[in-house]
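work-v2.cif follows (mmCIF, C-alpha atoms and all ligand atoms):
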data_my_file
loop_
_atom_site.group_PDB
_atom_site.id
_atom_site.type_symbol
_atom_site.label_atom_id
_atom_site.label_comp_id
_atom_site.auth_asym_id
_atom_site.auth_seq_id
_atom_site.Cartn_x
_atom_site.Cartn_y
_atom_site.Cartn_z
ATOM 1 C CA MET A 1 1.825 269.817 17.786
ATOM 2 C CA SER A 2 -0.783 267.550 16.274
ATOM 3 C CA LEU A 3 -0.415 263.843 16.881
ATOM 4 C CA SER A 4 -1.744 263.088 13.423
ATOM 5 C CA ILE A 5 1.535 264.094 11.788
ATOM 6 C CA PRO A 6 3.855 261.090 11.550
ATOM 7 C CA GLN A 7 7.083 261.680 13.461
ATOM 8 C CA GLU A 8 9.019 260.482 10.399
ATOM 9 C CA TYR A 9 8.325 263.864 8.773
ATOM 10 C CA PHE A 10 10.195 265.715 11.484
ATOM 11 C CA LYS A 11 13.132 263.324 11.362
ATOM 12 C CA ALA A 12 13.306 263.424 7.554
ATOM 13 C CA GLY A 13 13.028 267.219 7.701
ATOM 14 C CA LYS A 14 16.047 267.461 9.987
ATOM 15 C CA ILE A 15 18.041 265.207 7.675
ATOM 16 C CA ALA A 16 17.088 267.226 4.583
ATOM 17 C CA SER A 17 17.979 270.527 6.282
ATOM 18 C CA LYS A 18 21.328 269.177 7.394
ATOM 19 C CA VAL A 19 22.164 267.905 3.879
ATOM 20 C CA CYS A 20 21.179 271.236 2.292
ATOM 21 C CA GLU A 21 23.252 273.170 4.790
ATOM 22 C CA GLU A 22 26.318 270.990 4.173
ATOM 23 C CA MET A 23 25.950 271.047 0.384
ATOM 24 C CA ALA A 24 25.370 274.807 0.223
ATOM 25 C CA LYS A 25 28.671 275.267 2.060
ATOM 26 C CA SER A 26 30.694 272.743 0.096
ATOM 27 C CA ILE A 27 29.666 272.878 -3.584
ATOM 28 C CA SER A 28 32.176 274.822 -5.651
ATOM 29 C CA ILE A 29 33.423 275.435 -9.173
ATOM 30 C CA GLY A 30 35.066 272.331 -10.628
ATOM 31 C CA ASP A 31 32.893 269.861 -8.690
ATOM 32 C CA ARG A 32 31.525 266.927 -10.691
ATOM 33 C CA VAL A 33 27.733 266.618 -10.844
ATOM 34 C CA PHE A 34 28.213 262.873 -10.363
ATOM 35 C CA ASP A 35 30.021 263.431 -7.061
ATOM 36 C CA ILE A 36 27.448 265.967 -5.864
ATOM 37 C CA CYS A 37 24.586 263.504 -6.439
ATOM 38 C CA ASN A 38 26.405 260.641 -4.751
ATOM 39 C CA LYS A 39 27.398 262.813 -1.814
ATOM 40 C CA VAL A 40 23.826 264.048 -1.249
ATOM 41 C CA GLU A 41 22.383 260.562 -1.467
ATOM 42 C CA SER A 42 24.991 258.934 0.774
ATOM 43 C CA MET A 43 24.706 261.710 3.349
ATOM 44 C CA ILE A 44 20.929 261.160 3.499
ATOM 45 C CA LYS A 45 21.514 257.464 4.177
ATOM 46 C CA SER A 46 24.228 258.021 6.749
ATOM 47 C CA LEU A 47 21.861 260.314 8.676
ATOM 48 C CA GLY A 48 19.178 257.600 8.782
ATOM 49 C CA GLY A 49 16.956 258.506 5.817
ATOM 50 C CA GLU A 50 16.503 257.298 2.267
ATOM 51 C CA PRO A 51 16.610 259.459 -0.859
ATOM 52 C CA ALA A 52 12.992 260.010 -1.979
ATOM 53 C CA PHE A 53 14.256 260.626 -5.508
ATOM 54 C CA PRO A 54 17.669 260.964 -7.150
ATOM 55 C CA CYS A 55 19.391 264.245 -6.273
ATOM 56 C CA ASN A 56 18.499 266.719 -9.039
ATOM 57 C CA VAL A 57 21.218 269.083 -10.216
ATOM 58 C CA GLY A 58 19.913 271.742 -12.578
ATOM 59 C CA ILE A 59 22.557 273.918 -14.161
ATOM 60 C CA ASN A 60 21.411 277.216 -15.764
ATOM 61 C CA SER A 61 18.411 276.542 -18.054
ATOM 62 C CA ILE A 62 18.109 272.919 -16.927
ATOM 63 C CA THR A 63 15.201 273.391 -14.585
ATOM 64 C CA ALA A 64 14.244 269.987 -13.179
ATOM 65 C CA HIS A 65 14.607 266.190 -13.424
ATOM 66 C CA TYR A 66 18.311 266.046 -14.269
ATOM 67 C CA THR A 67 20.405 263.682 -12.185
ATOM 68 C CA ALA A 68 23.911 262.389 -12.863
ATOM 69 C CA GLU A 69 24.241 259.687 -15.493
ATOM 70 C CA ILE A 70 26.399 256.647 -14.759
ATOM 71 C CA ASP A 71 29.296 258.188 -16.694
ATOM 72 C CA ASP A 72 28.391 261.827 -16.129
ATOM 73 C CA GLU A 73 31.287 264.109 -17.043
ATOM 74 C CA SER A 74 29.589 267.422 -16.323
ATOM 75 C CA ILE A 75 31.112 269.801 -13.817
ATOM 76 C CA ILE A 76 30.139 273.066 -12.161
ATOM 77 C CA ARG A 77 31.753 275.926 -14.073
ATOM 78 C CA ASN A 78 32.447 279.530 -13.258
ATOM 79 C CA GLY A 79 29.337 281.450 -14.386
ATOM 80 C CA ASP A 80 26.851 278.671 -13.587
ATOM 81 C CA VAL A 81 23.648 278.935 -11.590
ATOM 82 C CA VAL A 82 23.108 275.586 -9.868
ATOM 83 C CA LYS A 83 19.859 274.225 -8.464
ATOM 84 C CA ILE A 84 20.025 271.323 -6.020
ATOM 85 C CA ASP A 85 16.718 269.535 -5.351
ATOM 86 C CA ILE A 86 16.785 266.992 -2.562
ATOM 87 C CA GLY A 87 14.235 264.402 -1.455
ATOM 88 C CA VAL A 88 14.398 262.472 1.825
ATOM 89 C CA HIS A 89 11.951 259.853 3.041
ATOM 90 C CA ILE A 90 11.507 257.648 6.064
ATOM 91 C CA ASN A 91 8.884 254.903 5.630
ATOM 92 C CA GLY A 92 7.585 256.810 2.601
ATOM 93 C CA TYR A 93 7.063 260.112 4.452
ATOM 94 C CA ILE A 94 8.719 262.527 2.059
ATOM 95 C CA ILE A 95 10.509 265.848 2.454
ATOM 96 C CA ASP A 96 11.199 267.768 -0.770
ATOM 97 C CA THR A 97 13.509 270.777 -0.597
ATOM 98 C CA ALA A 98 15.726 272.758 -2.951
ATOM 99 C CA PHE A 99 18.130 275.686 -3.127
ATOM 100 C CA THR A 100 20.151 277.539 -5.737
ATOM 101 C CA LEU A 101 23.806 278.550 -5.705
ATOM 102 C CA SER A 102 24.997 281.324 -8.000
ATOM 103 C CA PHE A 103 28.522 281.300 -9.398
ATOM 104 C CA ASN A 104 27.568 284.231 -11.602
ATOM 105 C CA PRO A 105 27.111 287.707 -10.078
ATOM 106 C CA ASP A 106 24.661 288.591 -12.902
ATOM 107 C CA TYR A 107 22.161 286.187 -11.346
ATOM 108 C CA ASP A 108 22.725 286.839 -7.649
ATOM 109 C CA SER A 109 19.685 289.117 -7.502
ATOM 110 C CA MET A 110 17.454 286.539 -9.228
ATOM 111 C CA VAL A 111 18.580 283.853 -6.795
ATOM 112 C CA LYS A 112 17.872 286.139 -3.839
ATOM 113 C CA ALA A 113 14.500 287.131 -5.315
ATOM 114 C CA THR A 114 13.487 283.473 -5.619
ATOM 115 C CA LYS A 115 14.365 282.830 -1.986
ATOM 116 C CA ASP A 116 12.505 285.964 -0.848
ATOM 117 C CA VAL A 117 9.436 285.097 -2.915
ATOM 118 C CA LEU A 118 9.312 281.644 -1.317
ATOM 119 C CA ASP A 119 9.493 283.215 2.149
ATOM 120 C CA GLU A 120 6.674 285.604 1.207
ATOM 121 C CA ALA A 121 4.574 282.699 -0.058
ATOM 122 C CA ILE A 122 5.149 280.747 3.153
ATOM 123 C CA SER A 123 4.133 283.760 5.231
ATOM 124 C CA ILE A 124 0.527 283.491 3.948
ATOM 125 C CA VAL A 125 0.250 279.719 4.416
ATOM 126 C CA LYS A 126 -2.299 278.523 6.949
ATOM 127 C CA ASN A 127 -5.265 276.184 7.045
ATOM 128 C CA GLY A 128 -7.751 277.145 4.320
ATOM 129 C CA VAL A 129 -5.521 279.325 2.119
ATOM 130 C CA ARG A 130 -6.208 278.561 -1.526
ATOM 131 C CA ALA A 131 -3.342 277.182 -3.598
ATOM 132 C CA GLY A 132 -3.965 279.895 -6.220
ATOM 133 C CA GLU A 133 -3.466 282.617 -3.588
ATOM 134 C CA ILE A 134 0.023 281.279 -2.984
ATOM 135 C CA GLY A 135 0.540 281.388 -6.748
ATOM 136 C CA ARG A 136 -0.540 285.008 -6.736
ATOM 137 C CA VAL A 137 2.013 285.919 -4.065
ATOM 138 C CA ILE A 138 4.753 284.157 -6.054
ATOM 139 C CA GLU A 139 3.730 285.790 -9.354
ATOM 140 C CA ASN A 140 3.434 289.285 -7.874
ATOM 141 C CA GLY A 141 6.600 288.859 -5.813
ATOM 142 C CA ALA A 142 8.549 287.821 -8.915
ATOM 143 C CA SER A 143 7.196 290.647 -11.026
ATOM 144 C CA LYS A 144 7.822 293.259 -8.309
ATOM 145 C CA ARG A 145 11.487 292.188 -8.252
ATOM 146 C CA GLY A 146 11.839 292.169 -12.050
ATOM 147 C CA PHE A 147 11.592 288.426 -12.737
ATOM 148 C CA LYS A 148 9.168 285.928 -14.212
ATOM 149 C CA PRO A 149 7.865 282.702 -12.619
ATOM 150 C CA ILE A 150 7.932 279.393 -14.483
ATOM 151 C CA SER A 151 4.202 278.921 -14.918
ATOM 152 C CA ASN A 152 4.035 275.212 -15.757
ATOM 153 C CA LEU A 153 5.869 273.938 -12.687
ATOM 154 C CA SER A 154 4.189 273.890 -9.303
ATOM 155 C CA GLY A 155 4.410 272.900 -5.690
ATOM 156 C CA HIS A 156 2.456 269.884 -4.556
ATOM 157 C CA LEU A 157 0.801 267.861 -1.820
ATOM 158 C CA LEU A 158 3.056 265.134 -0.412
ATOM 159 C CA GLN A 159 1.601 261.798 0.674
ATOM 160 C CA GLN A 160 3.147 258.551 1.842
ATOM 161 C CA TYR A 161 5.218 257.202 -1.071
ATOM 162 C CA ARG A 162 3.637 259.865 -3.341
ATOM 163 C CA ILE A 163 5.637 262.953 -4.257
ATOM 164 C CA HIS A 164 2.799 264.532 -6.218
ATOM 165 C CA GLY A 165 -0.264 263.889 -4.121
ATOM 166 C CA GLY A 166 -2.897 265.389 -6.430
ATOM 167 C CA VAL A 167 -3.002 268.995 -5.203
ATOM 168 C CA SER A 168 -0.795 271.508 -7.047
ATOM 169 C CA ILE A 169 0.403 274.841 -5.710
ATOM 170 C CA PRO A 170 0.888 276.991 -8.796
ATOM 171 C CA ASN A 171 3.625 279.571 -9.232
ATOM 172 C CA VAL A 172 1.125 281.986 -10.820
ATOM 173 C CA TRP A 173 -2.376 283.044 -9.838
ATOM 174 C CA MET A 174 -5.073 280.535 -10.706
ATOM 175 C CA ALA A 175 -8.806 280.514 -10.112
ATOM 176 C CA SER A 176 -10.724 277.592 -8.609
ATOM 177 C CA THR A 177 -7.890 275.995 -6.690
ATOM 178 C CA PRO A 178 -8.420 273.901 -3.538
ATOM 179 C CA PRO A 179 -7.684 275.214 -0.039
ATOM 180 C CA LEU A 180 -4.612 273.902 1.785
ATOM 181 C CA LYS A 181 -5.550 271.796 4.783
ATOM 182 C CA ALA A 182 -4.075 271.656 8.270
ATOM 183 C CA ASN A 183 -2.074 268.509 8.997
ATOM 184 C CA GLU A 184 -1.367 267.859 5.324
ATOM 185 C CA VAL A 185 2.166 268.195 3.987
ATOM 186 C CA TYR A 186 2.971 270.415 0.994
ATOM 187 C CA ALA A 187 6.011 271.487 -0.964
ATOM 188 C CA ILE A 188 6.108 275.039 -2.313
ATOM 189 C CA GLU A 189 8.707 275.631 -5.014
ATOM 190 C CA PRO A 190 8.920 278.852 -6.999
ATOM 191 C CA PHE A 191 11.166 278.822 -10.066
ATOM 192 C CA LEU A 192 12.074 282.243 -11.472
ATOM 193 C CA THR A 193 13.693 283.288 -14.714
ATOM 194 C CA THR A 194 14.533 286.595 -16.346
ATOM 195 C CA LEU A 195 11.872 288.782 -17.995
ATOM 196 C CA ASP A 196 13.199 287.907 -21.472
ATOM 197 C CA GLY A 197 12.617 284.203 -20.750
ATOM 198 C CA SER A 198 9.550 282.272 -21.914
ATOM 199 C CA GLY A 199 8.476 281.547 -18.361
ATOM 200 C CA PHE A 200 7.727 277.899 -19.008
ATOM 201 C CA VAL A 201 9.663 274.661 -19.343
ATOM 202 C CA VAL A 202 9.687 272.067 -22.115
ATOM 203 C CA ASP A 203 10.921 268.456 -22.241
ATOM 204 C CA ASP A 204 14.305 267.808 -23.767
ATOM 205 C CA ASN A 205 15.280 264.382 -25.083
ATOM 206 C CA ARG A 206 17.177 263.168 -22.013
ATOM 207 C CA ARG A 207 15.613 260.810 -19.479
ATOM 208 C CA ASN A 208 17.433 259.346 -16.529
ATOM 209 C CA ILE A 209 14.853 259.318 -13.751
ATOM 210 C CA TYR A 210 12.242 256.557 -13.737
ATOM 211 C CA ALA A 211 9.418 255.321 -11.518
ATOM 212 C CA LEU A 212 7.396 252.134 -11.361
ATOM 213 C CA ILE A 213 3.810 252.322 -12.642
ATOM 214 C CA GLY A 214 2.780 248.659 -12.528
ATOM 215 C CA ARG A 215 4.218 245.313 -11.457
ATOM 216 C CA LYS A 216 2.782 242.930 -14.043
ATOM 217 C CA ARG A 217 4.842 239.845 -14.944
ATOM 218 C CA ILE A 218 6.565 239.988 -18.296
ATOM 219 C CA ARG A 219 7.816 236.368 -18.522
ATOM 220 C CA ASP A 220 11.315 237.601 -19.200
ATOM 221 C CA LYS A 221 13.496 236.367 -16.372
ATOM 222 C CA LYS A 222 15.852 239.329 -16.279
ATOM 223 C CA LEU A 223 13.193 242.017 -16.683
ATOM 224 C CA ASP A 224 10.935 240.393 -14.076
ATOM 225 C CA PHE A 225 13.866 240.284 -11.680
ATOM 226 C CA LEU A 226 14.623 243.947 -12.341
ATOM 227 C CA VAL A 227 10.989 244.996 -11.737
ATOM 228 C CA GLU A 228 10.905 243.066 -8.440
ATOM 229 C CA GLU A 229 14.191 244.648 -7.404
ATOM 230 C CA ILE A 230 12.865 248.138 -8.240
ATOM 231 C CA TRP A 231 9.722 247.460 -6.204
ATOM 232 C CA LYS A 232 11.739 246.163 -3.247
ATOM 233 C CA ARG A 233 14.148 249.094 -3.272
ATOM 234 C CA PHE A 234 12.071 252.102 -4.320
ATOM 235 C CA LYS A 235 8.386 251.101 -4.383
ATOM 236 C CA THR A 236 6.790 253.736 -6.629
ATOM 237 C CA LEU A 237 9.353 256.456 -5.861
ATOM 238 C CA PRO A 238 11.661 257.787 -8.585
ATOM 239 C CA PHE A 239 15.076 256.188 -9.084
ATOM 240 C CA THR A 240 17.955 256.359 -11.552
ATOM 241 C CA THR A 241 20.415 254.096 -13.353
ATOM 242 C CA ARG A 242 23.174 254.884 -10.831
ATOM 243 C CA TRP A 243 21.106 253.100 -8.201
ATOM 244 C CA LEU A 244 20.945 249.821 -10.120
ATOM 245 C CA ILE A 245 24.438 249.233 -11.462
ATOM 246 C CA ASP A 246 25.185 246.893 -8.561
ATOM 247 C CA ILE A 247 22.881 244.311 -10.172
ATOM 248 C CA PHE A 248 23.184 244.976 -13.921
ATOM 249 C CA ASN A 249 26.088 246.367 -15.862
ATOM 250 C CA LYS A 250 26.067 249.887 -17.222
ATOM 251 C CA LYS A 251 25.331 248.917 -20.811
ATOM 252 C CA GLU A 252 22.520 246.558 -19.916
ATOM 253 C CA ILE A 253 20.617 248.633 -17.384
ATOM 254 C CA LYS A 254 19.759 251.573 -19.636
ATOM 255 C CA LYS A 255 18.395 249.263 -22.340
ATOM 256 C CA MET A 256 16.341 247.282 -19.842
ATOM 257 C CA LEU A 257 14.855 250.428 -18.339
ATOM 258 C CA ASP A 258 13.978 251.761 -21.789
ATOM 259 C CA LYS A 259 12.245 248.484 -22.590
ATOM 260 C CA LEU A 260 10.187 248.727 -19.380
ATOM 261 C CA VAL A 261 9.226 252.286 -20.315
ATOM 262 C CA GLN A 262 8.023 251.069 -23.729
ATOM 263 C CA MET A 263 5.960 248.394 -21.972
ATOM 264 C CA LYS A 264 4.466 251.073 -19.699
ATOM 265 C CA ILE A 265 5.752 249.334 -16.578
ATOM 266 C CA LEU A 266 7.960 252.328 -15.840
ATOM 267 C CA ARG A 267 7.516 256.008 -16.491
ATOM 268 C CA ALA A 268 10.542 258.090 -17.484
ATOM 269 C CA TYR A 269 10.775 261.739 -16.473
ATOM 270 C CA PRO A 270 12.081 263.986 -19.252
ATOM 271 C CA VAL A 271 14.666 266.588 -18.312
ATOM 272 C CA LEU A 272 12.848 269.951 -18.192
ATOM 273 C CA VAL A 273 14.533 273.027 -19.627
ATOM 274 C CA GLU A 274 13.458 276.660 -19.805
ATOM 275 C CA ALA A 275 11.808 277.002 -23.226
ATOM 276 C CA SER A 276 13.988 279.894 -24.429
ATOM 277 C CA GLY A 277 17.149 278.596 -22.769
ATOM 278 C CA LYS A 278 17.235 281.239 -20.040
ATOM 279 C CA VAL A 279 18.692 280.680 -16.587
ATOM 280 C CA VAL A 280 16.299 279.534 -13.830
ATOM 281 C CA ALA A 281 16.574 279.728 -10.024
ATOM 282 C CA GLN A 282 14.565 277.605 -7.579
ATOM 283 C CA PHE A 283 13.955 277.358 -3.857
ATOM 284 C CA GLU A 284 11.666 274.853 -2.173
ATOM 285 C CA HIS A 285 10.456 274.069 1.323
ATOM 286 C CA THR A 286 8.189 271.362 2.713
ATOM 287 C CA LEU A 287 5.669 272.530 5.284
ATOM 288 C CA ILE A 288 2.469 271.820 7.190
ATOM 289 C CA PRO A 289 -0.299 274.452 7.401
ATOM 290 C CA THR A 290 -1.762 275.057 10.863
ATOM 291 C CA GLU A 291 -4.588 277.302 12.076
ATOM 292 C CA SER A 292 -2.111 280.125 12.671
ATOM 293 C CA GLY A 293 0.620 279.660 10.055
ATOM 294 C CA ALA A 294 2.999 277.034 8.740
ATOM 295 C CA ILE A 295 5.380 274.555 10.316
ATOM 296 C CA VAL A 296 8.366 274.450 7.956
ATOM 297 C CA LEU A 297 9.862 270.949 8.020
ATOM 298 C CA ALA A 298 12.804 271.662 5.705
HETATM 299 CO CO CO B 301 8.933 269.367 -5.221
#

Please re-express this file's structure in structure tokens.
Amino acid sequence: MSLSIPQEYFKAGKIASKVCEEMAKSISIGDRVFDICNKVESMIKSLGGEPAFPCNVGINSITAHYTAEIDDESIIRNGDVVKIDIGVHINGYIIDTAFTLSFNPDYDSMVKATKDVLDEAISIVKNGVRAGEIGRVIENGASKRGFKPISNLSGHLLQQYRIHGGVSIPNVWMASTPPLKANEVYAIEPFLTTLDGSGFVVDDNRRNIYALIGRKRIRDKKLDFLVEEIWKRFKTLPFTTRWLIDIFNKKEIKKMLDKLVQMKILRAYPVLVEASGKVVAQFEHTLIPTESGAIVLA
């Protein structure tokens, strides 16, 4: 194993795998999304990691970037397809991994297809494989099984304290993409929907995941304090309101975050939904290409 890969990746990978395994066994109909998010995040901490981003719970057509609100009432219902996207970091070395649970037999085959397509994609990963070739395997694998990939979401290079490190791994074939490099860390994450779906996601009007862009002083005591606190706790990694209600009350925090978004000190991630409202499944692994294949971290 190469010495150039920080050991934190292997430790974070073990934590992420353990959390996924536990959650896949325990999540059931009637569970509150709020409790799922808190459980994932506290389990990560108790195993010695930090959440790299708020636990994402995507029910049905909600595809990405939804985490529990402070007063989230939503629950898992019979008939739901539930995506759980988990991030773990140690010293900024990030593992990004996701799985889908089906509580609807109509979508069992789509969930299985998504998992199989990810495995197929990983089987061609090695040093020098072009990102677009992985996209081709995902696109063809989806189509062969009777499903459609979400074309405007992609896997990505992971760097220290950077979830999207500049290189994308598309879920469809694309020309002129860069080759994957040995000893770099990538997440591959196919999302599949049904053939009658649009095959792309759009923003909806909800936003509850934020990240720091800049640290300039505002000369507002409370806002400056909040920005410093965000920097201390999360650096530039995504966070959510639930993680800040120990310092500001529920009513205040949302307004303050919105103000910081307006001032372009924070970015807010819109919730992404399948454009035609169709159900989406997702699986994701984090891995390192080698000369002969891939080391899957989680
Ligand atoms: Co990812």

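Once the PyMOL selection byres (((chain A and resi 206) around 9) and not hetatm) is applied to the shown structure, the selection contains Tyr66, Asp203, Asp204, Asn205, Arg207, Asn208, Tyr269, Pro270, Val271 and Leu272 of chain A.
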
Could you tell me which of A:Ile134, A:Ala12, A:Ile62, A:Ala98 comes closest to ligand CO 301 (chain B) if we count only C-alpha atoms and all ligand atoms? A:Ala98

At most 9 Å from ligand CO 301 (chain B) (only C-alpha atoms and all ligand atoms): residue list as a VMD selection string: chain A and resid 85 to 87 95 to 98 154 to 158 163 to 164 186 to 189 284 to 286

Take the residues from that selection and write them out as a tab-separated table (two decimals), in the frame of the given file, keeping C-alpha atoms.
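Full text of part_9.tsv as output:
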chain	number	residue	atom	x	y	z
A	85	ASP	CA	16.72	269.54	-5.35
A	86	ILE	CA	16.78	266.99	-2.56
A	87	GLY	CA	14.24	264.40	-1.46
A	95	ILE	CA	10.51	265.85	2.45
A	96	ASP	CA	11.20	267.77	-0.77
A	97	THR	CA	13.51	270.78	-0.60
A	98	ALA	CA	15.73	272.76	-2.95
A	154	SER	CA	4.19	273.89	-9.30
A	155	GLY	CA	4.41	272.90	-5.69
A	156	HIS	CA	2.46	269.88	-4.56
A	157	LEU	CA	0.80	267.86	-1.82
A	158	LEU	CA	3.06	265.13	-0.41
A	163	ILE	CA	5.64	262.95	-4.26
A	164	HIS	CA	2.80	264.53	-6.22
A	186	TYR	CA	2.97	270.42	0.99
A	187	ALA	CA	6.01	271.49	-0.96
A	188	ILE	CA	6.11	275.04	-2.31
A	189	GLU	CA	8.71	275.63	-5.01
A	284	GLU	CA	11.67	274.85	-2.17
A	285	HIS	CA	10.46	274.07	1.32
A	286	THR	CA	8.19	271.36	2.71

For the provided coordinates, the residues matched by the PyMOL selection byres (((chain A and resi 59) around 6) and not hetatm) should be stated as a count of residues only. 5

Might you spell out which residues the PyMOL selection byres (((chain A and resi 76) around 12) and not hetatm) would select in the displayed file, as number ranges by chain? A: 27-36, 57-60, 73-75, 77-84, 101-104

Create the file for the chosen residues now, containing C-alpha atoms and written as a tab-separated table (two decimals), keeping the file's coordinate frame.
chain	number	residue	atom	x	y	z
A	27	ILE	CA	29.67	272.88	-3.58
A	28	SER	CA	32.18	274.82	-5.65
A	29	ILE	CA	33.42	275.44	-9.17
A	30	GLY	CA	35.07	272.33	-10.63
A	31	ASP	CA	32.89	269.86	-8.69
A	32	ARG	CA	31.52	266.93	-10.69
A	33	VAL	CA	27.73	266.62	-10.84
A	34	PHE	CA	28.21	262.87	-10.36
A	35	ASP	CA	30.02	263.43	-7.06
A	36	ILE	CA	27.45	265.97	-5.86
A	57	VAL	CA	21.22	269.08	-10.22
A	58	GLY	CA	19.91	271.74	-12.58
A	59	ILE	CA	22.56	273.92	-14.16
A	60	ASN	CA	21.41	277.22	-15.76
A	73	GLU	CA	31.29	264.11	-17.04
A	74	SER	CA	29.59	267.42	-16.32
A	75	ILE	CA	31.11	269.80	-13.82
A	77	ARG	CA	31.75	275.93	-14.07
A	78	ASN	CA	32.45	279.53	-13.26
A	79	GLY	CA	29.34	281.45	-14.39
A	80	ASP	CA	26.85	278.67	-13.59
A	81	VAL	CA	23.65	278.94	-11.59
A	82	VAL	CA	23.11	275.59	-9.87
A	83	LYS	CA	19.86	274.23	-8.46
A	84	ILE	CA	20.02	271.32	-6.02
A	101	LEU	CA	23.81	278.55	-5.70
A	102	SER	CA	25.00	281.32	-8.00
A	103	PHE	CA	28.52	281.30	-9.40
A	104	ASN	CA	27.57	284.23	-11.60

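By chain and then residue number, the residues within 10 Å of Asp258 in chain A are A:Arg207, A:Asn208, A:Tyr210, A:Ile253, A:Lys254, A:Lys255, A:Val261, A:Gln262, A:Met263, A:Lys264, A:Leu266, A:Arg267, A:Ala268, counting only C-alpha atoms and disregarding those fewer than 3 positions away in sequence.
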
What is the CA of Ser46 in chain A to CA of Val19 in chain A distance in Å? 10.5 Å

One residue among A:Asp196, A:Ser143, A:Ile138, A:Ala131 is nearest to Val167 in chain A when using only C-alpha atoms, and that residue is A:Ala131

So which residues touch range 218-233 of chain A within 12 Å, counting all atoms listed in the file, skipping near sequence neighbours fewer than 4 positions away, as a VMD selection string? chain A and resid 50 to 53 91 to 92 161 210 to 214 237 to 241 243 to 248 252 to 261 263 to 266

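CA of Ile150 in chain A sits 17.3 Å away from CA of Ala175 in chain A.
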
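Coordinates place CA of Glu41 in chain A at a distance of 23.4 Å from CA of Val280 in chain A.
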
Which residue out of A:Trp173, A:Tyr93, A:Phe191, A:Phe147 has the minimum interatomic distance to Gln282 in chain A when only C-alpha atoms are used? A:Phe191

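Nearest to Lys115 in chain A of all the residues A:Asn152, A:Asn171, A:Ile94, A:Ala281 is A:Ala281, counting all atoms listed in the file.
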
Go ahead and find all residues with at least one atom no further than 10 Å from (-8.9, 275.9, 1.7) in the file's coordinates, using only C-alpha atoms; report them as a VMD selection string. chain A and resid 126 to 131 177 to 182

Selection near Val125 in chain A, 9 Å with only C-alpha atoms, sequence-local residues under 6 positions removed, as an mmCIF file with C-alpha atoms, in the coordinates of the input:
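Listed below is the output, around07.cif:
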data_model
loop_
_atom_site.group_PDB
_atom_site.id
_atom_site.type_symbol
_atom_site.label_atom_id
_atom_site.label_comp_id
_atom_site.auth_asym_id
_atom_site.auth_seq_id
_atom_site.Cartn_x
_atom_site.Cartn_y
_atom_site.Cartn_z
ATOM 1 C CA ILE A 134 0.023 281.279 -2.984
ATOM 2 C CA LEU A 180 -4.612 273.902 1.785
ATOM 3 C CA ILE A 288 2.469 271.820 7.190
ATOM 4 C CA PRO A 289 -0.299 274.452 7.401
ATOM 5 C CA THR A 290 -1.762 275.057 10.863
ATOM 6 C CA SER A 292 -2.111 280.125 12.671
ATOM 7 C CA GLY A 293 0.620 279.660 10.055
ATOM 8 C CA ALA A 294 2.999 277.034 8.740
#

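Of the listed residues (A:Arg145, A:Arg217, A:His65, A:Arg162), A:Arg145 comes nearest to Leu195 in chain A; the distances count all atoms listed in the file.
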
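You can rank A:Thr193, A:Leu118, A:Gln159, A:His89 by their closest distance to Leu47 in chain A using all atoms listed in the file, and at the top of that list sits A:His89.
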